[in-house]
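Colleague: Take a look at this one; I'll ask things after.
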Amino acid sequence: MKQRILKGLLAGLATNIIGISLCIFIIAQVKGRGFASTFKVFWNSDAFWMILALGALPNLLLFFGLLKRNKEYEARGVVMATFVAAITTYILYFIA
């Protein structure tokens, strides 16, 4: 059971990283900038929390996909990864 939750947690974190990359890529395309320069703009302006929050949205698809395949423990891990992203977002917003 713990291994299945850990597997879901790691999948959720990986999906979050993919979501963050996708958000930065889309914003870079809209603004006509490069990926690295767009990342630096958000990182240096203390607005990275916005990208982090948007990057957690693909976890919804993963969560419901796992529930549809009756993998409840992996879905719990995805929820835990989403909580990690939310707590990190709040820390970046209020403390940094």
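In the structure tokens, chains take letters A, B, ... by order of appearance, with residues numbered from 1 within each chain and ligands from 1 in the order shown.
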Excluding A:Phe35 and any residue of its chain fewer than 4 positions from it, enumerate the residues within 10 Å of it, using only C-alpha atoms, and give them as a VMD selection string.

Modeller: chain A and resid 21 to 22 24 to 29 39 to 40

Colleague: List the spatial neighbours of A:Lys71 as a ChimeraX atom specification - criterion: any atom at most 12 Å away, only C-alpha atoms, same-chain residues fewer than 3 positions off excluded.

Modeller: /A:1,4-5,7-8,62-68,74-78

Colleague: Hey, can you spit out that residue selection with C-alpha atoms as a PDB file, in the first residue's frame?

Modeller:
```pdb
ATOM      1  CA  MET A   1       0.000   0.000   0.000  1.00  0.00           C
ATOM      2  CA  ARG A   4       1.481   2.423  -4.369  1.00  0.00           C
ATOM      3  CA  ILE A   5       0.937   5.757  -2.596  1.00  0.00           C
ATOM      4  CA  LYS A   7       4.258   5.720  -6.804  1.00  0.00           C
ATOM      5  CA  GLY A   8       1.276   8.089  -7.084  1.00  0.00           C
ATOM      6  CA  LEU A  62      -3.967  12.110 -13.646  1.00  0.00           C
ATOM      7  CA  PHE A  63      -6.128  11.845 -10.518  1.00  0.00           C
ATOM      8  CA  PHE A  64      -9.350  11.101 -12.371  1.00  0.00           C
ATOM      9  CA  GLY A  65      -7.555   8.779 -14.773  1.00  0.00           C
ATOM     10  CA  LEU A  66      -6.257   6.738 -11.860  1.00  0.00           C
ATOM     11  CA  LEU A  67      -9.687   6.654 -10.233  1.00  0.00           C
ATOM     12  CA  LYS A  68     -11.233   5.436 -13.483  1.00  0.00           C
ATOM     13  CA  GLU A  74      -2.033   5.928  -6.487  1.00  0.00           C
ATOM     14  CA  ALA A  75      -4.713   8.623  -6.665  1.00  0.00           C
ATOM     15  CA  ARG A  76      -4.061   9.365  -2.975  1.00  0.00           C
ATOM     16  CA  GLY A  77      -0.414   9.935  -3.841  1.00  0.00           C
ATOM     17  CA  VAL A  78      -1.426  12.390  -6.571  1.00  0.00           C
TER      18      VAL A  78
END
```

Colleague: For A:Leu60, which of A:Gly12, A:Ser37, A:Ile18, A:Asn44 is the closest residue, counting only C-alpha atoms?

Modeller: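 Result for the nearest residue to A:Leu60: A:Gly12.
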
Colleague: Pick the closest to A:Ala47 from A:Lys2, A:Thr89, A:Lys31, A:Asn16: which is it, counting only C-alpha atoms?

Modeller: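 Distance minimum relative to A:Ala47 lands on A:Thr89.
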
Colleague: By how many Å are atom CA of A:Leu13 and atom CA of A:Phe94 apart?

Modeller: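 Those two atoms sit 21.9 Å apart.
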
Colleague: So the first atom is atom CA of A:Ala81 and the second is atom CA of A:Leu10; what is the distance between them in Å, to one decimal place?

Modeller: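 Atom CA of A:Ala81 sits 7.5 Å away from atom CA of A:Leu10.
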